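Okay, so here's the structure we're looking at.
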Amino acid sequence: MVPRPPYKPLDCTSEEIRLLTFDSLQKVPTESDSASAVISLSLSHVALSAPSSPATLPPFQALSYVWGIPDPDKPLPTILLDGISMTVTPNLHSALCFLLSQQQQPEDNGFKTSFWIDALCINQADNDEKAFQVPLMSKIYTSAMRVFVWLGLLPRPGEGPHRDCGCTLKTVTWLGSMFRQQVKKKREGPLLSALKGLSEEDQRKKVAQGFVWTVLQFSITRDYGHENAKSGGFDFERIWQLFCERPYWRRLWIVQEVVLARKAVVACGSGEGVVVDWEDIRDALQLFEWIILYSNIDPKYRRLYELLGDIMPKVVHLEEATNAYRRNLRKGKDGMRLMEVLLFTDFADGEDKSIQATDPRDRIYGLLGLIRECDRKKIPVDYSDKTTVSTVLTHVALALIQEYGPDVLCYHRETARWAHEGLPSWVPDWTAPRSPTIGSVNLDGPGARFDFNATKGKHWPSNSTVKTAMIGESKLALFLPGAAMSTVARIGSEFTSVSGQEDYLLACRAWLEELLQLASESDEVARDNIWRVPMADFGLATRAELETPERYIHGFNVLLGRVAPPAEAQVSEETKRSWMLSESWNYRRTWKIYRRRAFVDASGRPGLAPRQTSPGDSIALFRGGQVPVMLRETKDGMHGYRVLGTCYVHALMDGEGTETQQWAGALSSSQKIMLV
């Protein structure tokens with residue numbers, strides 16, 4: 001998007017922003033005349049707030065879109081901005097063409113306003129201006145009369161009707177609006193006989209179940225429901241493409257843009273295109289959550305279950321973040337907690353699925369508009385070269401540890417930034433792919449029930465002073481009160497197999513048998529509870545003991561061959577495999593063993609640890625922490641430790657370690673462990 005036109009400076013004191021207006025009497029460019037018909041826009045300055053009087057803003061809309069990656073073999077489209085030629089990405093150009101076309105419609109369609117578009121209204125070449133404008137994003141999107149979400153153009157002829165975004169968008173909208181009318185709205189008039197005597201909540205559940213079954217019966221997937229196409233069925237393969245093939249849903253900035261919107265519409269196509277209400281899409285996402293609860297019951301809906309299982313992680317954070325943000329506002333708060341926002345957007349378990357931003361620092365900066373002012377002040381916005389991604393992540397870690405203490409280490413993950421940028425090992429890299437955590441932070445405050453309780457209710461005092469010190473020229477060390485409780489004696493193999501691989505079940509059995517061998521010298525109680533290790537003693541929502549543990553023990557025994565398949569499952573190797581996968585599903589879906597390894601500590605306690613773990617590594621408890629942490633002492637003579645990650649240790653998760661001499665001595669002497 002260079003070269004840049006000479007922007008006029010903005011007035012910081014009145015929180016000035018720029019708005020765009022389309023110049024009148026211009027032709028909408030098409031592919032055939034894009035060279036002769038160039039979009040022309042003008043910039044104006046308006047103040048979000050004035051020092052002496054309330055600002056009066058003209059009505060404007062804010063654009064939410066993906067910048068997109070240009071084709072290096074094609075020239076970038078050109079526009080005129082205040083009469084000066086500049087290039088823009090193809091996706092932005094298509095959005096501008098759509099908006100211009102809408103403005104030229106004779107009826108009042110809501111598009112005849114000014115617009116705020118980040119790539120054009122912020123001088124992207126001026127880091128100081130970006131640092132001033134980014135913290136204003138919350139005001140910009142809440143001040144906009146509407147947020148316009150641009151998904152992109154419809155496919156060209158010949159690309160296939162299966163990629164018809166417009167038709168699919170209408171289907172999703174219809175599903176959402178019907179779900180709202182049938183299920184979410186309070187029922188009026190005489191009740192159906194099936195609903196009489198039920199509470200209002202049970203009535204809603206009953207109606208929701210009926211609506212879901214109707215949608216299931218008219219659903220279309222690759223494996224089911226092709227006869228529904230003629231009767232206008234719901235093609236979930238296309239719905240999958242809408243959410244999983246469109247890059248918009250993985251863009252980080254859209255989170256605050258959609259959440260902060262007073263009203264939002266979603267569009268795709270050219271000319272009049274398709275424009276739908278965002279609230280209908282939100283309601284459709286709620287419907288999809290209901291469908292997931294039921295679609296796995298009948299095998300013929302398994303493909304639908306898989307499709308929605310792909311869709312929901314990409315979009316559900318928008319629904320959850322919107323609800324959480326509005327809930328905070330109703331309580332009189334000025335935003336969400338930093339940890340809340342990070343967790344809502346920490347849904348990617350692979351590079352290709354991760355939430356994306358052109359500048360990785362925007363993984364944090366792009367969320368600042370949603371968080372409390374007290375958190376926002378702890379993270380200065382600086383786009384200059386002196387502020388690396390690691391610098392930003394360290395600011396975040398310190399802010400989080402100050403509030404939540406050592407449980408922030410639960411979000412530790414492997415990252416190349418350790419070596420390339422010198423990121424301290426105690427700083428979670430929120431730009432890296434996640435993995436299932438062992439432990440979590442307590443967002444519910446004092447009095448909340450802990451999932452684990454390794455330090456027996458020793459709460460971390462909120463907003464505690466965090467002690468740090470520079471070690472050497474550039475290494476920032478963190479000092480936390482705690483004690484090393486044990487060391488690793490023996491380790492097992494790292495588990496790397498994934499479901500779907502031909503040898504997956506063999507790999508599962510081999511890993512479990514190795515675990516049994518590791519724990520062969522452990523006490524009887526540990527051996528009887530060895531099934532807890534792969535799942536770190538945590539089920540789908542809480543501790544395994546509270547979630548019908550018999551089904552987990554059954555899955556453990558199935559995988560080890562201790563339960564024989566019924567006769568009908570022994571017809572072939574394939575039927576036997578299918579039976580084992582099905583019977584062990586409830587157990588395996590809770591596993592946390594991928595890229596982890598089993599171990600036994602010096603006291604014979606079995607556990608689950610990060611894959612980097614080696615014999616001799618230390619298992620530590622930190623005051624206020626729910627779970628143990630695996631550490632490795634540095635070899636520089638500084639007596640510091642690198643964080644390898646949190647771990648599960650049988651008989652050390654519920655306060656057993658606090659009754660030892662090591663723990664008592666550490667507390668009495670205010671001992672601190674140095675993490676580097």
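By convention in this document, the chains of the structure tokens carry letters A, B, ... by their order, each chain's residues are numbered from 1, and ligands are numbered from 1 in the order they are shown.
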If you run DSSP over the backbone, which residues in segment 1-242 of chain A end up helix (DSSP H, G or I)? Put them as JSON, numbers by chain.
{"A": [90, 91, 92, 93, 94, 95, 96, 97, 98, 99, 100, 101, 102, 103, 118, 119, 120, 121, 127, 128, 129, 130, 131, 132, 133, 134, 135, 136, 137, 138, 139, 140, 141, 142, 143, 161, 162, 163, 165, 166, 167, 168, 169, 170, 171, 172, 173, 174, 175, 176, 177, 178, 179, 180, 181, 182, 183, 184, 193, 194, 195, 200, 201, 202, 203, 204, 205, 206, 207, 208, 209, 210, 211, 212, 213, 214, 215, 216, 217, 226, 227, 228, 229, 236, 237, 238, 239, 240, 241, 242]}
Using DSSP on the backbone, list every residue of segment 445-625 of chain A that comes out as strand (DSSP E), and give them as a PyMOL selection string.
chain A and resi 467-471+475-494+596-601+606-610+618-622
I'd like the neighbourhood of Asn453 of chain A as a count of residues only, where a residue qualifies if any of its atoms comes within 7 Å (using only C-alpha atoms), though same-chain residues fewer than 2 positions away should be ignored.
10
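Reported to one decimal place, the separation of atom CA of Leu175 of chain A from atom CA of Arg330 of chain A is 28.5 Å.
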Residue contacts of segment 100-117 of chain A (6 Å, only C-alpha atoms) excluding same-chain residues fewer than 6 positions away, as a CSV table (one decimal) with all heavy atoms, in the first residue's frame:
```csv
chain,number,residue,atom,x,y,z
A,19,LEU,N,-11.9,10.6,8.4
A,19,LEU,CA,-13.0,10.0,7.8
A,19,LEU,C,-12.9,10.1,6.3
A,19,LEU,O,-12.4,11.1,5.8
A,19,LEU,CB,-14.4,10.5,8.3
A,19,LEU,CG,-14.7,10.3,9.8
A,19,LEU,CD1,-16.0,10.9,10.1
A,19,LEU,CD2,-14.7,8.8,10.1
A,20,LEU,N,-13.5,9.1,5.6
A,20,LEU,CA,-13.5,9.1,4.1
A,20,LEU,C,-14.8,9.4,3.6
A,20,LEU,O,-15.8,8.9,4.1
A,20,LEU,CB,-13.0,7.7,3.6
A,20,LEU,CG,-11.6,7.3,3.9
A,20,LEU,CD1,-11.5,5.7,3.8
A,20,LEU,CD2,-10.7,7.9,2.9
A,21,THR,N,-14.9,10.1,2.5
A,21,THR,CA,-16.1,10.3,1.7
A,21,THR,C,-15.8,10.0,0.3
A,21,THR,O,-14.7,10.3,-0.2
A,21,THR,CB,-16.7,11.7,1.9
A,21,THR,OG1,-15.7,12.6,1.5
A,21,THR,CG2,-17.2,11.9,3.3
A,60,PHE,N,-20.9,8.0,10.6
A,60,PHE,CA,-20.0,7.3,9.8
A,60,PHE,C,-20.1,5.8,10.1
A,60,PHE,O,-20.6,5.4,11.2
A,60,PHE,CB,-18.6,7.8,10.0
A,60,PHE,CG,-17.9,7.4,11.4
A,60,PHE,CD1,-17.1,6.3,11.5
A,60,PHE,CD2,-18.2,8.2,12.5
A,60,PHE,CE1,-16.5,6.0,12.7
A,60,PHE,CE2,-17.6,7.9,13.7
A,60,PHE,CZ,-16.8,6.7,13.8
A,61,GLN,N,-19.6,5.0,9.2
A,61,GLN,CA,-19.5,3.6,9.4
A,61,GLN,C,-18.0,3.2,9.4
A,61,GLN,O,-17.2,3.8,8.7
A,61,GLN,CB,-20.2,2.8,8.3
A,61,GLN,CG,-21.7,3.2,8.3
A,61,GLN,CD,-22.5,2.4,7.2
A,61,GLN,OE1,-22.5,1.2,7.2
A,61,GLN,NE2,-23.1,3.2,6.3
A,62,ALA,N,-17.7,2.1,10.1
A,62,ALA,CA,-16.3,1.6,10.2
A,62,ALA,C,-16.3,0.2,9.4
A,62,ALA,O,-17.2,-0.6,9.5
A,62,ALA,CB,-15.9,1.4,11.6
A,63,LEU,N,-15.3,0.1,8.6
A,63,LEU,CA,-15.1,-1.1,7.8
A,63,LEU,C,-14.3,-2.2,8.6
A,63,LEU,O,-13.3,-1.9,9.1
A,63,LEU,CB,-14.4,-0.8,6.5
A,63,LEU,CG,-14.1,-2.0,5.5
A,63,LEU,CD1,-15.4,-2.6,5.0
A,63,LEU,CD2,-13.2,-1.5,4.4
A,271,GLY,N,-21.8,-5.2,-6.9
A,271,GLY,CA,-23.1,-4.6,-7.2
A,271,GLY,C,-23.9,-4.5,-5.9
A,271,GLY,O,-23.5,-4.0,-4.9
```
Counting only C-alpha atoms, which residue out of A:Pro75, A:Gly225, A:Pro610, A:Gly166 sits closest to Ile239 of chain A?
A:Gly166
Please report the interatomic distance between atom CA of Gly492 of chain A and atom CA of Ala598 of chain A in Å with one decimal.
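Interatomic distance here is 5.0 Å.
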Can you list, as a PyMOL selection string, every protein, DNA or RNA residue that comes within 9 Å of segment 465-469 of chain A when you count only C-alpha atoms, leaving out same-chain residues fewer than 4 positions away?
chain A and resi 398+401-402+405+475-480+674
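Taking only C-alpha atoms into account, Gly366 of chain A lies nearest to A:Val341 out of the set A:Val341, A:Ala95, A:Val46, A:Leu304.
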Please identify all polymer residues within 7 Å of segment 525-529 of chain A, counting only C-alpha atoms, omitting same-chain residues fewer than 6 positions from it, and present them as a PyMOL selection string.
chain A and resi 519+605+650
For N, CA, C and O atoms, I'd like the residues from the last selection saved as a PDB file, in the first residue's frame.
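selection_34.pdb, written as the output of this step:
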```pdb
ATOM      1  N   ALA A 519       5.605 -46.929  36.043  1.00  0.00           N
ATOM      2  CA  ALA A 519       5.012 -46.885  37.388  1.00  0.00           C
ATOM      3  C   ALA A 519       5.011 -48.247  38.073  1.00  0.00           C
ATOM      4  O   ALA A 519       4.368 -48.413  39.111  1.00  0.00           O
ATOM      5  N   ARG A 605       6.133 -41.177  42.156  1.00  0.00           N
ATOM      6  CA  ARG A 605       4.831 -40.663  41.721  1.00  0.00           C
ATOM      7  C   ARG A 605       4.806 -40.521  40.197  1.00  0.00           C
ATOM      8  O   ARG A 605       5.672 -39.853  39.631  1.00  0.00           O
ATOM      9  N   HIS A 650       0.771 -37.272  40.184  1.00  0.00           N
ATOM     10  CA  HIS A 650      -0.165 -37.959  41.071  1.00  0.00           C
ATOM     11  C   HIS A 650       0.233 -37.729  42.532  1.00  0.00           C
ATOM     12  O   HIS A 650       1.402 -37.796  42.891  1.00  0.00           O
TER      13      HIS A 650
END
```
Which residues come within 9 Å of Asp283 of chain A, counting only C-alpha atoms, excluding same-chain residues fewer than 6 positions away, as a PyMOL selection string?
chain A and resi 173+175-180+184+319
For Ser618 of chain A, which of A:Ser486, A:Arg376, A:Trp663, A:Asp537 is the closest residue, counting only C-alpha atoms?
A:Ser486
